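One file, query_25.json, carrying JSON, C-alpha atoms and all ligand atoms:
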```
[["chain", "number", "residue", "atom", "x", "y", "z"],
["A", 30, "MET", "CA", 0.00, 0.00, 0.00],
["A", 31, "ASN", "CA", 1.33, 3.39, -1.02],
["A", 32, "ASN", "CA", -0.32, 5.48, 1.62],
["A", 33, "PRO", "CA", 0.49, 4.65, 5.21],
["A", 34, "GLY", "CA", -1.77, 7.39, 6.55],
["A", 35, "PRO", "CA", -0.27, 10.83, 6.28],
["A", 36, "SER", "CA", 0.51, 12.85, 9.38],
["A", 37, "ARG", "CA", -0.84, 15.79, 7.44],
["A", 38, "PRO", "CA", -2.91, 15.98, 4.27],
["A", 39, "GLY", "CA", -1.09, 16.09, 0.97],
["A", 40, "PHE", "CA", 1.58, 13.55, 1.89],
["A", 41, "SER", "CA", -0.05, 10.65, 0.14],
["A", 42, "ILE", "CA", 0.30, 12.06, -3.37],
["A", 43, "SER", "CA", 3.37, 10.40, -4.79],
["A", 44, "PRO", "CA", 4.51, 9.23, -8.21],
["A", 45, "GLY", "CA", 2.63, 6.06, -9.04],
["A", 46, "ASN", "CA", -0.55, 7.16, -7.30],
["A", 47, "ARG", "CA", -3.46, 7.84, -9.62],
["A", 48, "GLY", "CA", -4.27, 11.15, -7.97],
["A", 49, "PRO", "CA", -5.31, 12.73, -4.72],
["A", 50, "ARG", "CA", -7.53, 10.64, -2.46],
["A", 51, "PHE", "CA", -10.59, 11.94, -0.71],
["A", 52, "GLY", "CA", -13.08, 10.84, 1.93],
["A", 53, "VAL", "CA", -16.78, 11.61, 1.74],
["A", 54, "LEU", "CA", -19.09, 12.49, 4.64],
["A", 55, "GLY", "CA", -22.83, 12.28, 4.00],
["A", 56, "SER", "CA", -26.09, 11.97, 5.92],
["A", 57, "GLY", "CA", -28.57, 11.43, 3.10],
["A", 58, "LYS", "CA", -29.37, 9.69, -0.12],
["A", 59, "GLY", "CA", -25.99, 10.49, -1.65],
["A", 60, "SER", "CA", -26.93, 11.77, -5.10],
["A", 61, "ASN", "CA", -23.92, 14.10, -5.08],
["A", 62, "PHE", "CA", -21.68, 11.23, -4.05],
["A", 63, "ARG", "CA", -23.14, 9.20, -6.94],
["A", 64, "ALA", "CA", -22.23, 11.99, -9.38],
["A", 65, "LEU", "CA", -18.66, 12.01, -8.02],
["A", 66, "ALA", "CA", -18.33, 8.23, -8.02],
["A", 67, "GLU", "CA", -19.61, 8.02, -11.60],
["A", 68, "ALA", "CA", -17.12, 10.68, -12.73],
["A", 69, "TRP", "CA", -14.36, 8.76, -10.91],
["A", 70, "ARG", "CA", -15.41, 5.47, -12.52],
["A", 71, "GLY", "CA", -15.59, 7.20, -15.89],
["A", 72, "GLY", "CA", -12.00, 8.42, -15.42],
["A", 73, "THR", "CA", -12.85, 12.14, -15.48],
["A", 74, "LEU", "CA", -12.60, 13.09, -11.79],
["A", 75, "GLY", "CA", -8.83, 13.07, -11.30],
["A", 76, "SER", "CA", -9.15, 12.33, -7.58],
["A", 77, "GLU", "CA", -10.26, 9.07, -6.02],
["A", 78, "PRO", "CA", -12.97, 8.54, -3.37],
["A", 79, "VAL", "CA", -11.53, 6.03, -0.89],
["A", 80, "ILE", "CA", -13.91, 6.06, 2.07],
["A", 81, "VAL", "CA", -17.51, 7.11, 2.81],
["A", 82, "LEU", "CA", -18.60, 7.91, 6.37],
["A", 83, "SER", "CA", -22.09, 8.67, 7.63],
["A", 84, "ASP", "CA", -23.60, 9.85, 10.91],
["A", 85, "ILE", "CA", -26.88, 8.12, 9.93],
["A", 86, "GLU", "CA", -26.85, 4.34, 10.02],
["A", 87, "THR", "CA", -29.61, 4.02, 7.42],
["A", 88, "ALA", "CA", -28.39, 6.75, 5.04],
["A", 89, "GLY", "CA", -28.64, 5.80, 1.36],
["A", 90, "ILE", "CA", -25.07, 6.95, 0.81],
["A", 91, "LEU", "CA", -23.70, 3.85, 2.60],
["A", 92, "PRO", "CA", -25.19, 1.16, 0.30],
["A", 93, "LEU", "CA", -24.29, 3.45, -2.59],
["A", 94, "ALA", "CA", -20.65, 3.35, -1.50],
["A", 95, "GLU", "CA", -20.85, -0.43, -1.49],
["A", 96, "GLU", "CA", -22.30, -0.35, -5.00],
["A", 97, "PHE", "CA", -19.15, 1.47, -6.14],
["A", 98, "GLY", "CA", -16.85, -0.80, -4.15],
["A", 99, "ILE", "CA", -15.78, 1.97, -1.78],
["A", 100, "PRO", "CA", -15.57, 1.22, 1.96],
["A", 101, "GLY", "CA", -18.44, 2.81, 3.88],
["A", 102, "GLN", "CA", -18.97, 3.11, 7.59],
["A", 103, "PHE", "CA", -21.45, 4.52, 10.09],
["A", 104, "VAL", "CA", -19.93, 6.64, 12.86],
["A", 105, "SER", "CA", -22.22, 7.15, 15.83],
["A", 106, "PRO", "CA", -22.57, 10.92, 16.25],
["A", 107, "GLY", "CA", -23.16, 11.05, 20.00],
["A", 108, "PRO", "CA", -25.83, 13.04, 21.85],
["A", 109, "PHE", "CA", -25.90, 16.31, 19.90],
["A", 110, "ARG", "CA", -28.26, 17.12, 17.04],
["A", 111, "THR", "CA", -26.28, 19.66, 15.03],
["A", 112, "LYS", "CA", -22.68, 18.51, 15.56],
["A", 113, "MET", "CA", -20.69, 15.35, 16.19],
["A", 114, "ALA", "CA", -19.53, 14.68, 19.74],
["A", 115, "PRO", "CA", -15.80, 15.57, 19.92],
["A", 116, "GLU", "CA", -14.79, 11.91, 20.28],
["A", 117, "ALA", "CA", -16.97, 10.98, 17.29],
["A", 118, "GLU", "CA", -15.29, 13.64, 15.19],
["A", 119, "GLU", "CA", -11.87, 12.38, 16.37],
["A", 120, "GLU", "CA", -12.94, 8.93, 15.19],
["A", 121, "ILE", "CA", -13.80, 10.37, 11.78],
["A", 122, "VAL", "CA", -10.37, 12.01, 11.62],
["A", 123, "ARG", "CA", -8.72, 8.70, 12.48],
["A", 124, "LEU", "CA", -10.68, 6.80, 9.82],
["A", 125, "LEU", "CA", -9.90, 9.45, 7.18],
["A", 126, "ARG", "CA", -6.19, 9.40, 8.07],
["A", 127, "ASP", "CA", -6.08, 5.61, 8.05],
["A", 128, "ALA", "CA", -7.59, 5.74, 4.56],
["A", 129, "GLY", "CA", -4.80, 8.13, 3.52],
["A", 130, "VAL", "CA", -7.07, 10.92, 2.31],
["A", 131, "ASP", "CA", -5.70, 14.20, 1.03],
["A", 132, "PHE", "CA", -8.97, 16.06, 1.32],
["A", 133, "VAL", "CA", -12.55, 15.70, 2.53],
["A", 134, "VAL", "CA", -15.81, 16.15, 0.63],
["A", 135, "LEU", "CA", -19.07, 16.89, 2.41],
["A", 136, "ALA", "CA", -21.96, 15.55, 0.35],
["A", 137, "GLY", "CA", -25.15, 16.29, 2.25],
["A", 138, "PHE", "CA", -23.51, 16.01, 5.67],
["A", 139, "MET", "CA", -26.00, 17.60, 8.06],
["A", 140, "ARG", "CA", -23.76, 18.48, 10.99],
["A", 141, "VAL", "CA", -21.52, 21.48, 11.63],
["A", 142, "ILE", "CA", -17.82, 20.65, 11.32],
["A", 143, "LYS", "CA", -15.78, 21.41, 14.43],
["A", 144, "GLU", "CA", -12.14, 21.71, 15.46],
["A", 145, "PRO", "CA", -10.93, 18.10, 15.24],
["A", 146, "LEU", "CA", -11.69, 17.91, 11.51],
["A", 147, "LEU", "CA", -10.89, 21.55, 10.71],
["A", 148, "ARG", "CA", -7.50, 21.20, 12.40],
["A", 149, "ALA", "CA", -6.73, 17.86, 10.73],
["A", 150, "PHE", "CA", -7.58, 19.06, 7.19],
["A", 151, "PRO", "CA", -7.07, 22.84, 7.09],
["A", 152, "GLY", "CA", -8.27, 24.28, 3.78],
["A", 153, "ARG", "CA", -8.98, 20.73, 2.62],
["A", 154, "ILE", "CA", -12.69, 20.28, 3.39],
["A", 155, "LEU", "CA", -15.22, 21.06, 0.64],
["A", 156, "ASN", "CA", -18.98, 21.41, 0.86],
["A", 157, "ILE", "CA", -21.81, 21.90, -1.61],
["A", 158, "HIS", "CA", -24.65, 24.16, -0.56],
["A", 159, "PRO", "CA", -27.95, 24.56, -2.43],
["A", 160, "SER", "CA", -27.94, 28.35, -2.79],
["A", 161, "LEU", "CA", -25.93, 31.11, -4.37],
["A", 162, "LEU", "CA", -23.90, 31.93, -1.27],
["A", 163, "PRO", "CA", -23.64, 34.27, 0.56],
["A", 164, "SER", "CA", -27.43, 34.28, 0.14],
["A", 165, "PHE", "CA", -29.51, 31.74, 2.06],
["A", 166, "ARG", "CA", -27.11, 29.99, 4.41],
["A", 167, "GLY", "CA", -28.37, 27.14, 6.55],
["A", 168, "LEU", "CA", -31.18, 24.63, 6.15],
["A", 169, "GLU", "CA", -33.51, 24.23, 3.14],
["A", 170, "ALA", "CA", -31.84, 27.04, 1.24],
["A", 171, "TRP", "CA", -33.98, 26.35, -1.84],
["A", 172, "ARG", "CA", -37.11, 27.02, 0.23],
["A", 173, "GLN", "CA", -35.58, 30.22, 1.57],
["A", 174, "ALA", "CA", -34.90, 31.32, -2.03],
["A", 175, "LEU", "CA", -38.46, 30.53, -3.12],
["A", 176, "GLU", "CA", -39.96, 32.37, -0.16],
["A", 177, "ALA", "CA", -37.73, 35.40, -0.82],
["A", 178, "GLY", "CA", -39.07, 35.58, -4.38],
["A", 179, "VAL", "CA", -35.66, 35.77, -6.06],
["A", 180, "PRO", "CA", -35.61, 35.13, -9.85],
["A", 181, "GLU", "CA", -32.52, 32.95, -9.67],
["A", 182, "ALA", "CA", -31.26, 30.23, -7.36],
["A", 183, "GLY", "CA", -28.37, 27.78, -7.60],
["A", 184, "CYS", "CA", -25.61, 26.01, -5.74],
["A", 185, "THR", "CA", -22.17, 26.78, -4.37],
["A", 186, "VAL", "CA", -19.08, 24.70, -3.67],
["A", 187, "HIS", "CA", -17.02, 26.24, -0.90],
["A", 188, "LEU", "CA", -14.24, 25.47, 1.54],
["A", 189, "VAL", "CA", -15.44, 24.68, 5.03],
["A", 190, "ASP", "CA", -14.44, 26.92, 7.92],
["A", 191, "ALA", "CA", -15.76, 27.27, 11.47],
["A", 192, "GLY", "CA", -18.90, 29.12, 10.34],
["A", 193, "VAL", "CA", -22.02, 27.71, 8.70],
["A", 194, "ASP", "CA", -21.72, 27.98, 4.89],
["A", 195, "THR", "CA", -19.22, 30.84, 5.21],
["A", 196, "GLY", "CA", -15.97, 29.49, 3.69],
["A", 197, "ALA", "CA", -14.21, 30.65, 0.52],
["A", 198, "ILE", "CA", -16.28, 30.06, -2.60],
["A", 199, "LEU", "CA", -14.73, 27.74, -5.20],
["A", 200, "GLY", "CA", -17.55, 27.73, -7.77],
["A", 201, "GLN", "CA", -21.26, 28.34, -8.38],
["A", 202, "SER", "CA", -24.01, 27.31, -10.80],
["A", 203, "ARG", "CA", -27.18, 29.28, -11.41],
["A", 204, "VAL", "CA", -30.65, 27.99, -12.17],
["A", 205, "PRO", "CA", -33.84, 29.99, -12.82],
["A", 206, "VAL", "CA", -36.75, 30.07, -10.42],
["A", 207, "LEU", "CA", -39.73, 29.34, -12.69],
["A", 208, "PRO", "CA", -43.37, 30.39, -12.34],
["A", 209, "GLY", "CA", -45.25, 27.69, -10.44],
["A", 210, "ASP", "CA", -42.11, 26.29, -8.79],
["A", 211, "THR", "CA", -42.58, 24.44, -5.53],
["A", 212, "ALA", "CA", -39.80, 23.90, -3.01],
["A", 213, "GLU", "CA", -39.48, 20.36, -4.40],
["A", 214, "SER", "CA", -39.29, 21.35, -8.08],
["A", 215, "LEU", "CA", -36.73, 24.06, -7.35],
["A", 216, "HIS", "CA", -34.61, 21.73, -5.21],
["A", 217, "ALA", "CA", -34.69, 19.10, -7.99],
["A", 218, "ARG", "CA", -33.45, 21.70, -10.53],
["A", 219, "ILE", "CA", -30.69, 22.80, -8.14],
["A", 220, "GLN", "CA", -29.62, 19.19, -7.60],
["A", 221, "ILE", "CA", -29.17, 18.67, -11.35],
["A", 222, "ALA", "CA", -26.82, 21.67, -11.30],
["A", 223, "GLU", "CA", -25.03, 20.27, -8.21],
["A", 224, "HIS", "CA", -24.28, 17.01, -9.97],
["A", 225, "GLU", "CA", -22.44, 18.88, -12.73],
["A", 226, "LEU", "CA", -20.75, 21.48, -10.49],
["A", 227, "TYR", "CA", -19.31, 19.27, -7.73],
["A", 228, "PRO", "CA", -17.32, 16.89, -9.99],
["A", 229, "ARG", "CA", -16.02, 19.88, -11.97],
["A", 230, "ILE", "CA", -14.80, 21.75, -8.88],
["A", 231, "ILE", "CA", -13.32, 18.61, -7.31],
["A", 232, "ARG", "CA", -11.40, 17.93, -10.52],
["A", 233, "GLU", "CA", -9.94, 21.47, -10.31],
["A", 234, "PHE", "CA", -9.27, 21.20, -6.56],
["A", 235, "GLY", "CA", -7.46, 17.88, -7.00],
["A", 236, "GLN", "CA", -5.25, 19.45, -9.66],
["A", 237, "THR", "CA", -4.43, 22.35, -7.35],
["A", 238, "ILE", "CA", -3.41, 20.22, -4.37],
["A", 239, "GLY", "CA", -1.63, 17.76, -6.66],
["A", 240, "LYS", "CA", 0.63, 20.63, -7.74],
["A", 241, "GLU", "CA", 1.19, 21.74, -4.13],
["A", 242, "SER", "CA", 2.42, 18.33, -3.00],
["B", 1, "LIG", "C1", -27.72, 18.73, -1.44],
["B", 1, "LIG", "O1", -28.81, 19.53, -1.85],
["B", 1, "LIG", "C2", -26.59, 19.59, -0.95],
["B", 1, "LIG", "O2", -26.54, 20.84, -1.55],
["B", 1, "LIG", "C3", -26.88, 19.73, 0.50],
["B", 1, "LIG", "O3", -27.45, 18.50, 0.89],
["B", 1, "LIG", "C4", -28.06, 17.88, -0.23],
["B", 1, "LIG", "C5", -27.51, 16.49, -0.33],
["B", 1, "LIG", "O4", -28.15, 15.71, -1.26],
["B", 1, "LIG", "N1", -25.67, 20.07, 1.23],
["B", 1, "LIG", "P1", -27.56, 14.28, -1.68],
["B", 1, "LIG", "O5", -27.54, 13.42, -0.41],
["B", 1, "LIG", "O6", -26.21, 14.47, -2.27],
["B", 1, "LIG", "O7", -28.56, 13.77, -2.66]]
```

Written as structure tokens, how would this file's structure read?
Amino acid sequence: MNNPGPSRPGFSISPGNRGPRFGVLGSGKGSNFRALAEAWRGGTLGSEPVIVLSDIETAGILPLAEEFGIPGQFVSPGPFRTKMAPEAEEEIVRLLRDAGVDFVVLAGFMRVIKEPLLRAFPGRILNIHPSLLPSFRGLEAWRQALEAGVPEAGCTVHLVDAGVDTGAILGQSRVPVLPGDTAESLHARIQIAEHELYPRIIREFGQTIGKES
């Protein structure tokens, strides 16, 4: 095995490796993960998903990982609703390091990221959010957009920092809000844009950190 678990991210990229390695955290059905895994399988992603972790034992993203032959694991989140317990987040860090990941991709992970992960992967955690940030941070951003009556919605890929949906923006896609839209129809349109945007930005991000290493 090439990657004995780096003491800091970036160390595992070496000649002979196919590209940077990333871990995925998700709480839901995993449609964004599917888009990434299909791009990886199709040879267009550049980076390689090597582990999938979920705070929800029944999340669709876990069987999806199995479908793609990628190790998946449930990590018990502890007693809090909006964040992982510190020891649970330390466990996630350990699993990601053991898998030799260079960066981390949040794909519908519904908890706020805290110090253990931020410290372990500084500037190396990406998230996709279903709005044109900085507008409509937080939950059900598509519904917030609809209720605000804006003519345009979309999605944003950004780096994760200690705030909620506040990190540096790496890319955005826009979609129209159409007459008669419901929260569901708008979210579905945004998700189609997400599935194109996330693989594209991860391809670029992998190239950037590949050059840094
Ligand atoms: C997406 O809308 C994403 O923007 C948000 O959570 C949702 C995850 O969906 N962060 P999926 O599990 O990838 O289908």

Exercise. Which residues sit within 7 Å of ligand LIG 1 (chain B), counting all atoms listed in the file, listed as a list in words?
Worked result: Gly55, Ser56, Gly57, Lys58, Gly59, Ser60, Asn61, Phe62, Ala136, Gly137, Phe138, Asn156, Ile157, His158, Pro159, Cys184, Gln220 and Glu223 of chain A

query: Which distance in Å separates atom CA of A:Leu135 and atom CA of A:Leu54, to one decimal?
result: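 Straight-line distance from atom CA of A:Leu135 to atom CA of A:Leu54 works out to 4.9 Å.
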
Here atom CA of A:Arg172 and atom CA of A:Val134 stand apart by 23.9 Å

Inset, instruction - Identify, on the basis of all atoms listed in the file, every residue whose closest approach to stretch 139-141 of chain A does not exceed 10 Å; exclude the query and any residue fewer than 2 positions from it along the same chain; express the result as a PyMOL selection string. - result: chain A and resi 54-57+83-85+106+109-113+135-137+143+167-168+189-194

Distance criterion (all atoms listed in the file): nearest to A:Ile154 out of A:Ala177, A:Ile231, A:Leu93, A:Leu188
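Between A:Ala177, A:Ile231, A:Leu93, A:Leu188, the residue approaching A:Ile154 most closely is A:Leu188.
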
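Atom CA of A:Leu74 is found 27.1 Å from atom CA of A:Trp171.
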
Could you produce a table of the residues of stretch 142-236 of chain A lying within 10 Å of stretch 119-122 of chain A, with the nearest pair of atoms per residue and their separation in Å rounded to one decimal, using all atoms listed in the file, ordered by chain and increasing residue number, as a Markdown table?
```
| residue | atom | partner | partner_atom | distance |
| --- | --- | --- | --- | --- |
| A:Glu144 | CA | A:Glu119 | CA | 9.4 |
| A:Pro145 | CA | A:Glu119 | CA | 5.9 |
| A:Leu146 | CA | A:Val122 | CA | 6.0 |
| A:Leu147 | CA | A:Val122 | CA | 9.6 |
| A:Arg148 | CA | A:Val122 | CA | 9.7 |
| A:Ala149 | CA | A:Val122 | CA | 6.9 |
| A:Phe150 | CA | A:Val122 | CA | 8.8 |
```

Kindly list the centre and edge lengths in Å, rounded to one decimal, for the axis-aligned box that covers all listed atoms of stretch 170-176 of chain A plus 6 Å on each of its six sides, as JSON.
```
{"center_x": -35.9, "center_y": 29.4, "center_z": -0.8, "size_x": 20.1, "size_y": 18.0, "size_z": 16.7}
```

For A:Glu96, which residue out of A:Glu67, A:Glu225, A:Asp210, A:Glu169 is the nearest one, using only C-alpha atoms?
->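 Closest to A:Glu96 of all the choices is A:Glu67.
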